[in-house]
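**Student:** My structure file target-v9.txt, compact mmCIF, C-alpha atoms and all ligand atoms, is below:
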# COMPACT_ATOMS: atom_id res chain seq x y z
CA GLN A 4 59.03 -31.32 34.51
CA GLY A 5 58.77 -32.55 30.94
CA THR A 6 61.50 -32.82 28.36
CA LEU A 7 62.89 -29.64 26.86
CA ARG A 8 61.06 -30.32 23.62
CA ASP A 9 57.69 -30.80 25.34
CA LEU A 10 58.15 -27.56 27.25
CA ALA A 11 59.32 -25.72 24.13
CA GLU A 12 56.40 -26.96 22.09
CA ALA A 13 54.03 -25.70 24.76
CA ARG A 14 55.69 -22.27 24.46
CA GLY A 15 55.68 -22.30 20.67
CA VAL A 16 59.46 -22.13 20.34
CA GLU A 17 62.12 -24.49 19.13
CA ILE A 18 64.87 -26.08 21.18
CA GLY A 19 67.52 -27.43 18.85
CA ALA A 20 70.91 -29.11 18.99
CA ALA A 21 73.87 -29.39 16.65
CA LEU A 22 74.42 -33.05 15.85
CA GLY A 23 77.72 -34.54 14.75
CA ALA A 24 77.36 -37.29 12.15
CA ASP A 25 79.75 -39.68 13.93
CA HIS A 26 77.91 -39.32 17.22
CA LEU A 27 74.48 -39.65 15.68
CA SER A 28 75.47 -42.93 14.06
CA GLY A 29 77.96 -44.24 16.61
CA ASP A 30 76.69 -43.17 20.03
CA PRO A 31 73.22 -44.52 20.87
CA GLU A 32 72.86 -42.48 24.06
CA PHE A 33 73.70 -39.29 22.16
CA ALA A 34 71.19 -40.18 19.45
CA ARG A 35 68.56 -40.96 22.06
CA LEU A 36 69.01 -37.61 23.81
CA ALA A 37 68.89 -35.82 20.47
CA GLY A 38 65.45 -37.19 19.71
CA ALA A 39 64.09 -37.11 23.24
CA GLU A 40 65.03 -33.55 24.17
CA PHE A 41 65.21 -31.51 20.95
CA ASN A 42 62.58 -30.57 18.37
CA ALA A 43 65.06 -28.91 16.01
CA ALA A 44 68.45 -29.97 14.66
CA THR A 45 71.49 -28.57 12.87
CA ALA A 46 74.17 -30.72 11.26
CA GLU A 47 77.38 -29.80 13.09
CA ASN A 48 79.54 -30.29 9.97
CA ALA A 49 77.77 -32.50 7.44
CA MET A 50 76.15 -29.73 5.40
CA LYS A 51 79.20 -27.49 5.05
CA TRP A 52 80.79 -26.95 1.66
CA ASP A 53 83.88 -29.11 2.25
CA ALA A 54 81.70 -31.99 3.40
CA LEU A 55 79.23 -31.75 0.52
CA GLN A 56 81.32 -30.69 -2.48
CA PRO A 57 85.02 -31.46 -1.84
CA SER A 58 85.81 -31.12 -5.52
CA ARG A 59 83.87 -29.36 -8.19
CA GLY A 60 80.71 -31.18 -9.16
CA GLN A 61 81.43 -34.13 -6.84
CA PHE A 62 78.81 -34.16 -4.14
CA ASN A 63 78.96 -36.41 -1.06
CA TRP A 64 75.51 -36.71 0.39
CA GLY A 65 76.04 -39.58 2.85
CA ASN A 66 76.25 -37.77 6.18
CA ALA A 67 73.84 -35.01 5.22
CA ASP A 68 71.22 -37.48 4.02
CA SER A 69 71.59 -39.53 7.25
CA PHE A 70 71.23 -36.38 9.29
CA MET A 71 68.08 -35.40 7.38
CA ALA A 72 66.62 -38.88 7.85
CA SER A 73 67.31 -38.79 11.58
CA ALA A 74 65.74 -35.34 11.89
CA ARG A 75 62.68 -36.53 10.00
CA ALA A 76 62.37 -39.62 12.19
CA ASP A 77 62.65 -37.46 15.29
CA GLY A 78 60.17 -34.87 14.03
CA GLN A 79 62.75 -32.07 14.14
CA ALA A 80 62.83 -28.79 12.27
CA VAL A 81 66.12 -28.59 10.36
CA ARG A 82 68.44 -25.61 10.29
CA GLY A 83 70.66 -25.99 7.22
CA HIS A 84 74.22 -24.91 8.06
CA THR A 85 75.73 -23.38 6.03
CA LEU A 86 75.78 -22.46 2.32
CA VAL A 87 78.44 -19.74 2.04
CA TRP A 88 81.25 -19.54 4.59
CA HIS A 89 84.95 -18.70 4.37
CA SER A 90 85.81 -21.66 6.63
CA GLN A 91 85.49 -25.37 5.87
CA LEU A 92 85.61 -24.26 2.29
CA PRO A 93 87.60 -26.51 -0.06
CA SER A 94 90.70 -25.02 -1.65
CA TRP A 95 89.28 -25.53 -5.15
CA VAL A 96 86.96 -22.66 -4.22
CA SER A 97 89.18 -20.50 -2.03
CA ASP A 98 92.27 -20.81 -4.26
CA GLY A 99 90.45 -21.40 -7.52
CA GLY A 100 91.43 -18.12 -9.13
CA PHE A 101 87.87 -17.65 -10.37
CA SER A 102 86.72 -14.48 -12.06
CA PRO A 103 83.67 -12.79 -10.55
CA ASP A 104 81.35 -14.40 -13.11
CA GLN A 105 82.91 -17.81 -12.58
CA LEU A 106 82.70 -17.56 -8.80
CA ARG A 107 79.07 -16.49 -9.01
CA THR A 108 78.44 -19.58 -11.12
CA VAL A 109 80.28 -21.79 -8.61
CA MET A 110 78.25 -20.29 -5.78
CA GLY A 111 75.02 -20.75 -7.72
CA GLU A 112 75.83 -24.38 -8.48
CA HIS A 113 76.57 -25.12 -4.85
CA ILE A 114 73.56 -23.31 -3.42
CA GLY A 115 71.21 -24.56 -6.12
CA THR A 116 72.31 -28.17 -5.75
CA VAL A 117 72.36 -28.27 -1.95
CA ALA A 118 69.32 -26.17 -1.14
CA GLY A 119 67.53 -27.75 -4.11
CA ARG A 120 68.16 -31.29 -2.89
CA TYR A 121 66.60 -30.59 0.49
CA ALA A 122 63.97 -28.14 -0.67
CA GLY A 123 60.85 -28.39 1.45
CA GLN A 124 62.72 -30.25 4.20
CA VAL A 125 64.85 -27.45 5.61
CA ALA A 126 63.04 -24.89 7.74
CA TYR A 127 65.92 -22.38 7.90
CA TRP A 128 69.13 -21.95 5.97
CA ASP A 129 72.17 -20.16 7.32
CA VAL A 130 72.83 -18.76 3.86
CA ALA A 131 75.91 -16.71 4.71
CA ASN A 132 77.97 -17.29 7.83
CA GLU A 133 80.41 -14.97 9.63
CA ILE A 134 80.72 -12.23 7.02
CA PHE A 135 81.77 -9.43 9.39
CA LEU A 136 84.73 -8.87 11.71
CA GLU A 137 84.46 -7.61 15.28
CA ASP A 138 84.79 -3.95 14.27
CA GLY A 139 81.89 -4.30 11.81
CA SER A 140 84.05 -4.30 8.69
CA TRP A 141 83.69 -6.98 6.04
CA ARG A 142 85.69 -10.15 6.59
CA GLY A 143 88.04 -10.90 3.73
CA SER A 144 87.16 -14.13 1.94
CA VAL A 145 87.23 -15.40 -1.60
CA PHE A 146 83.58 -14.36 -1.86
CA TYR A 147 84.02 -10.81 -0.59
CA ASP A 148 87.37 -10.29 -2.27
CA THR A 149 86.08 -11.45 -5.66
CA LEU A 150 82.45 -10.30 -5.63
CA GLY A 151 82.30 -7.49 -3.10
CA GLU A 152 79.45 -7.23 -0.64
CA GLY A 153 76.95 -8.14 -3.33
CA PHE A 154 77.76 -11.81 -2.78
CA VAL A 155 75.39 -11.81 0.18
CA ALA A 156 72.38 -10.60 -1.82
CA ASP A 157 73.32 -13.00 -4.63
CA ALA A 158 73.51 -15.94 -2.22
CA LEU A 159 70.17 -15.08 -0.63
CA ARG A 160 68.48 -14.84 -4.04
CA MET A 161 70.03 -18.13 -5.15
CA ALA A 162 68.84 -19.86 -1.97
CA ASP A 163 65.37 -18.41 -2.36
CA GLN A 164 65.18 -19.72 -5.88
CA ALA A 165 66.33 -23.19 -4.85
CA ASP A 166 64.05 -23.46 -1.81
CA PRO A 167 61.36 -20.77 -1.70
CA ASN A 168 59.92 -22.16 1.54
CA ALA A 169 63.04 -22.05 3.70
CA LYS A 170 63.57 -19.05 5.96
CA LEU A 171 66.88 -17.48 4.95
CA TYR A 172 69.31 -16.25 7.59
CA LEU A 173 72.62 -14.53 8.10
CA ASN A 174 74.46 -16.06 11.05
CA ASP A 175 77.40 -14.94 13.20
CA TYR A 176 79.02 -14.94 16.65
CA ASN A 177 79.47 -11.99 19.01
CA ILE A 178 76.36 -10.30 17.67
CA GLU A 179 74.17 -11.10 20.68
CA GLY A 180 74.67 -7.67 22.24
CA ILE A 181 74.68 -4.23 20.68
CA ASN A 182 78.18 -3.60 19.33
CA PRO A 183 79.90 -2.61 16.08
CA LYS A 184 79.49 -6.09 14.62
CA SER A 185 75.76 -6.38 15.33
CA ASP A 186 75.37 -2.79 14.12
CA ALA A 187 76.91 -3.89 10.80
CA TYR A 188 74.29 -6.65 10.55
CA TYR A 189 71.56 -4.20 11.42
CA ASP A 190 72.62 -1.82 8.65
CA LEU A 191 73.11 -4.60 6.12
CA ALA A 192 69.77 -6.23 6.95
CA ARG A 193 67.93 -2.93 6.59
CA SER A 194 69.56 -2.25 3.25
CA LEU A 195 68.88 -5.78 1.94
CA LEU A 196 65.23 -5.53 2.95
CA GLU A 197 64.95 -2.14 1.26
CA GLN A 198 66.26 -3.70 -1.94
CA GLY A 199 63.74 -6.52 -1.72
CA VAL A 200 66.39 -9.18 -1.12
CA PRO A 201 64.90 -12.32 0.46
CA LEU A 202 66.22 -12.22 4.02
CA ASP A 203 64.09 -13.68 6.81
CA GLY A 204 66.22 -13.75 9.90
CA ILE A 205 69.40 -13.20 11.86
CA GLY A 206 71.09 -16.10 13.64
CA MET A 207 72.99 -15.21 16.78
CA GLN A 208 75.43 -18.03 17.40
CA THR A 209 75.88 -17.17 21.10
CA HIS A 210 79.19 -18.84 21.90
CA LEU A 211 79.56 -17.31 25.35
CA ILE A 212 82.06 -17.19 28.19
CA ASN A 213 80.56 -18.15 31.55
CA GLY A 214 78.90 -15.20 33.27
CA GLN A 215 78.94 -13.01 30.17
CA VAL A 216 75.47 -12.95 28.66
CA PRO A 217 75.31 -9.47 27.11
CA HIS A 218 73.05 -7.23 29.21
CA ASP A 219 71.43 -5.82 26.09
CA MET A 220 70.80 -9.10 24.28
CA ARG A 221 67.02 -8.77 24.43
CA GLN A 222 67.09 -5.20 23.18
CA ASN A 223 69.41 -6.25 20.36
CA MET A 224 67.11 -9.11 19.31
CA GLN A 225 64.16 -6.75 19.43
CA ARG A 226 65.75 -4.21 17.10
CA PHE A 227 66.12 -6.89 14.41
CA ALA A 228 62.55 -8.04 15.06
CA ASP A 229 61.42 -4.45 14.62
CA LEU A 230 62.94 -4.50 11.12
CA GLY A 231 60.55 -7.34 10.32
CA LEU A 232 63.07 -10.14 10.76
CA ASP A 233 63.00 -13.32 12.79
CA VAL A 234 65.87 -13.99 15.15
CA ALA A 235 67.24 -17.25 16.51
CA VAL A 236 69.92 -18.35 18.92
CA THR A 237 71.70 -20.81 16.66
CA GLU A 238 74.80 -22.21 18.39
CA LEU A 239 74.53 -21.64 22.13
CA ASP A 240 77.30 -22.83 24.41
CA VAL A 241 78.86 -21.33 27.53
CA ARG A 242 82.50 -22.18 28.09
CA ILE A 243 84.08 -22.46 31.52
CA GLN A 244 87.74 -22.31 32.47
CA MET A 245 88.56 -25.85 33.55
CA PRO A 246 88.22 -27.46 35.96
CA ALA A 247 84.63 -26.28 36.41
CA ASP A 248 83.51 -26.02 40.03
CA GLN A 249 79.94 -26.15 41.33
CA GLY A 250 79.64 -22.38 41.49
CA GLU A 251 80.69 -22.05 37.88
CA LEU A 252 78.24 -24.73 36.79
CA GLN A 253 75.47 -22.87 38.64
CA GLN A 254 76.47 -19.64 36.90
CA GLN A 255 76.35 -21.47 33.59
CA GLY A 256 72.83 -22.61 34.43
CA GLN A 257 71.83 -18.98 34.98
CA ASP A 258 73.39 -18.02 31.66
CA TYR A 259 71.49 -20.71 29.78
CA ARG A 260 68.33 -19.61 31.53
CA ALA A 261 68.92 -15.94 30.69
CA VAL A 262 69.50 -16.69 27.00
CA MET A 263 66.30 -18.73 26.75
CA GLU A 264 64.37 -16.04 28.64
CA ASN A 265 65.66 -13.42 26.21
CA CYS A 266 64.39 -15.47 23.30
CA LEU A 267 61.01 -16.06 24.95
CA ALA A 268 60.67 -12.32 25.59
CA VAL A 269 61.01 -11.47 21.90
CA ASP A 270 58.00 -12.51 19.81
CA ARG A 271 60.03 -13.08 16.68
CA CYS A 272 62.67 -15.26 18.32
CA VAL A 273 61.97 -18.70 16.88
CA GLY A 274 64.08 -20.66 19.33
CA VAL A 275 67.40 -21.64 20.83
CA THR A 276 69.81 -24.23 19.43
CA VAL A 277 72.66 -25.55 21.56
CA TRP A 278 75.93 -26.36 19.78
CA GLY A 279 76.14 -30.01 20.80
CA ILE A 280 74.57 -32.04 23.61
CA VAL A 281 77.27 -33.57 25.80
CA ASP A 282 80.44 -31.83 26.96
CA GLN A 283 82.89 -34.41 25.67
CA TYR A 284 82.15 -33.77 22.00
CA SER A 285 82.27 -30.00 22.08
CA TRP A 286 84.53 -28.03 19.73
CA VAL A 287 85.44 -25.68 22.61
CA PRO A 288 88.60 -27.30 24.09
CA ASP A 289 90.14 -27.64 20.62
CA VAL A 290 89.81 -23.95 19.91
CA PHE A 291 90.01 -22.48 23.45
CA PRO A 292 92.58 -24.56 25.32
CA GLY A 293 91.81 -24.69 29.03
CA TYR A 294 88.09 -24.11 28.51
CA GLY A 295 85.37 -26.71 28.41
CA ALA A 296 82.17 -28.10 29.90
CA PRO A 297 80.06 -25.77 27.72
CA LEU A 298 76.92 -27.86 27.13
CA PRO A 299 73.73 -28.94 28.97
CA PHE A 300 74.78 -32.59 29.56
CA ASN A 301 77.95 -33.85 31.20
CA GLU A 302 80.22 -36.66 30.11
CA GLN A 303 77.95 -39.16 31.87
CA TYR A 304 75.02 -37.90 29.78
CA ARG A 305 73.50 -36.42 32.94
CA PRO A 306 71.72 -33.05 32.85
CA LYS A 307 73.74 -30.14 34.29
CA PRO A 308 72.48 -26.88 35.80
CA ALA A 309 72.60 -25.60 32.20
CA TYR A 310 69.90 -28.10 31.31
CA TYR A 311 67.78 -27.09 34.29
CA GLY A 312 68.26 -23.43 33.38
CA LEU A 313 66.73 -24.08 29.96
CA GLN A 314 63.98 -26.13 31.59
CA GLN A 315 63.11 -23.43 34.13
CA ALA A 316 62.98 -20.72 31.49
CA LEU A 317 60.72 -22.83 29.29
CA ALA A 318 58.49 -23.81 32.19
CA GLY A 319 58.35 -20.06 32.92
O1 LIG B 1 86.76 -34.16 8.63
C1 LIG B 1 87.99 -34.34 9.32
C2 LIG B 1 88.28 -35.79 9.48
O2 LIG B 1 88.45 -36.36 8.20
C3 LIG B 1 89.53 -35.96 10.33
O3 LIG B 1 89.75 -37.30 10.57
C4 LIG B 1 89.37 -35.22 11.66
C5 LIG B 1 90.63 -35.30 12.51
O4 LIG B 1 90.73 -34.17 13.35
O5 LIG B 1 89.09 -33.88 11.40
C6 LIG B 1 87.88 -33.73 10.69
O6 LIG B 1 87.58 -32.38 10.52
C7 LIG B 1 87.17 -31.69 11.66
C8 LIG B 1 85.71 -31.29 11.50
O7 LIG B 1 85.31 -30.46 12.58
C9 LIG B 1 84.78 -32.48 11.44
O8 LIG B 1 84.86 -33.21 12.64
C10 LIG B 1 88.05 -30.46 11.79
O9 LIG B 1 89.36 -30.84 12.10
C11 LIG B 1 87.51 -29.54 12.86
O10 LIG B 1 88.23 -28.33 12.81
C12 LIG B 1 86.05 -29.27 12.60
O11 LIG B 1 85.60 -28.41 13.63
C13 LIG B 1 84.32 -27.85 13.44
C14 LIG B 1 84.44 -26.33 13.28
O12 LIG B 1 83.15 -25.76 13.19
C15 LIG B 1 85.25 -25.95 12.06
O13 LIG B 1 85.28 -24.57 11.87
C16 LIG B 1 83.49 -28.16 14.67
O14 LIG B 1 83.24 -29.57 14.72
C17 LIG B 1 82.16 -27.39 14.63
O15 LIG B 1 81.51 -27.53 15.87
C18 LIG B 1 82.43 -25.93 14.37
O16 LIG B 1 81.19 -25.27 14.27
C19 LIG B 1 81.25 -23.86 14.06
C20 LIG B 1 80.05 -23.48 13.22
O17 LIG B 1 80.03 -24.23 12.04
C21 LIG B 1 80.05 -21.98 12.92
N1 LIG B 1 80.15 -21.21 14.12
C22 LIG B 1 81.24 -21.56 15.01
C23 LIG B 1 81.20 -23.04 15.36
C24 LIG B 1 82.29 -23.40 16.34
O18 LIG B 1 83.57 -23.22 15.78
Could you spell out this file's structure in structure tokens?
**Tutor:**
Amino acid sequence: QGTLRDLAEARGVEIGAALGADHLSGDPEFARLAGAEFNAATAENAMKWDALQPSRGQFNWGNADSFMASARADGQAVRGHTLVWHSQLPSWVSDGGFSPDQLRTVMGEHIGTVAGRYAGQVAYWDVANEIFLEDGSWRGSVFYDTLGEGFVADALRMADQADPNAKLYLNDYNIEGINPKSDAYYDLARSLLEQGVPLDGIGMQTHLINGQVPHDMRQNMQRFADLGLDVAVTELDVRIQMPADQGELQQQGQDYRAVMENCLAVDRCVGVTVWGIVDQYSWVPDVFPGYGAPLPFNEQYRPKPAYYGLQQALAG
């Protein structure tokens, strides 16, 4: 069996990973796996608003530029993550007391500067991230509260102007299956397309619990494809209640395989990105105490059943 990236290239899909700046620069084995196994990359944190523009007009490009250089050296397609998000947003934006016009200007400056800097080098932008709640209603945020739902169309148009070649996405979790939240995306996407707003795809983050790949994931992806959109699995991980036993790791392998097979079954699914590479750096235990081991490689940098699940699906 070849590497994941060789197999993915043969199938015409992307296999990506989220890469943390510290690990890319400070962990040679992590950096080696990133380049050897993955033909796409997302910066885990380095391209978020708080990392790039911690105070107004002051841009920190260090980690984002290093990430872009590493992706270029490794021949990886870049998913830019993320331009407009309520989280990891500096307080000068969230508590800035901006009027609608001012906030639109702030948003335009951020999107224009960031997407403009990397124009032509970013294949996909997660333009707006996590805009809906589980029941399909709008999530409150400084953007929604100040600008109403029009902030999404504004952000997409601003990103299109800054980088006309990037594919522009909306991205969220718990929208892999058909449910009120994915329905909200379906309705919004249809309405944006009707208005001629530049939207190219829907990113399904796919942060799963072991054994819980939605049964209707493929059908859900297909309904977005049928609207004329691309879809992508953008942040796959499968968390296990610790300690993980062999049976659970095997189940996780089946889940990884099923997710990749769902993507391969839908023509307009561009690929699968895993949210990290090795278990020890995952965000999961910090946010879900007692859960862990969510990624394809273990703490010894050895492939797990999750890795082989991806491999088997790609070898198809
Ligand atoms: O930058 C500070 C650093 O200065 C400080 O020394 C360190 C000490 O804890 O914290 C650093 O910030 C952390 C940051 O990651 C960078 O490492 C934050 O505490 C930590 O909360 C943050 O977590 C990130 C999380 O997004 C924040 O919401 C995770 O690494 C990242 O994997 C996670 O990714 C998100 C996607 O962007 C969107 N979808 C969900 C996904 C998982 O939550």
**Student:** Just give me the residues with any atom within 10 Å of (64.5, -16.5, -0.6), file coordinates, counting only C-alpha atoms, written as a PyMOL selection string.
**Tutor:** chain A and resi 128+130+156+158-172+200-203
**Student:** Go through A:Gln254, A:Asn301, A:Thr85, A:Ser90 and flag the residue nearest Ile280 (chain A), using only C-alpha atoms for the distances.
**Tutor:**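 Distance minimum relative to Ile280 (chain A) lands on A:Asn301.
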**Student:** I'd like a table as a Markdown table: residues in chain A with an atom no more than 7 Å from ligand LIG 1 (chain B), each row giving the shortest atom pair and its distance in Å to one decimal, all atoms listed in the file counted, sorted by chain and rising residue number.
**Tutor:**
| residue | atom | partner | partner_atom | distance |
| --- | --- | --- | --- | --- |
| A:Glu47 | CA | B:LIG1 | O15 | 5.5 |
| A:Asn48 | CA | B:LIG1 | C9 | 5.9 |
| A:Ser90 | CA | B:LIG1 | O13 | 6.0 |
| A:Gln91 | CA | B:LIG1 | O13 | 6.1 |
| A:Asp175 | CA | B:LIG1 | N1 | 6.9 |
| A:Tyr176 | CA | B:LIG1 | N1 | 6.9 |
| A:Gln208 | CA | B:LIG1 | N1 | 6.6 |
| A:Glu238 | CA | B:LIG1 | N1 | 6.9 |
| A:Trp278 | CA | B:LIG1 | O15 | 6.9 |
| A:Ser285 | CA | B:LIG1 | O15 | 6.7 |
| A:Trp286 | CA | B:LIG1 | O15 | 4.9 |
**Student:** Record the distance separating CA of Glu137 (chain A) and CA of Val290 (chain A), expressed in Å with one decimal.
**Tutor:**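 Separating CA of Glu137 (chain A) from CA of Val290 (chain A) is a distance of 17.8 Å.
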**Student:** I'd like the interatomic distance between CA of Leu211 (chain A) and CA of Val273 (chain A), to a tenth of an Å.
**Tutor:**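 Taking CA of Leu211 (chain A) and CA of Val273 (chain A), their separation equals 19.6 Å.
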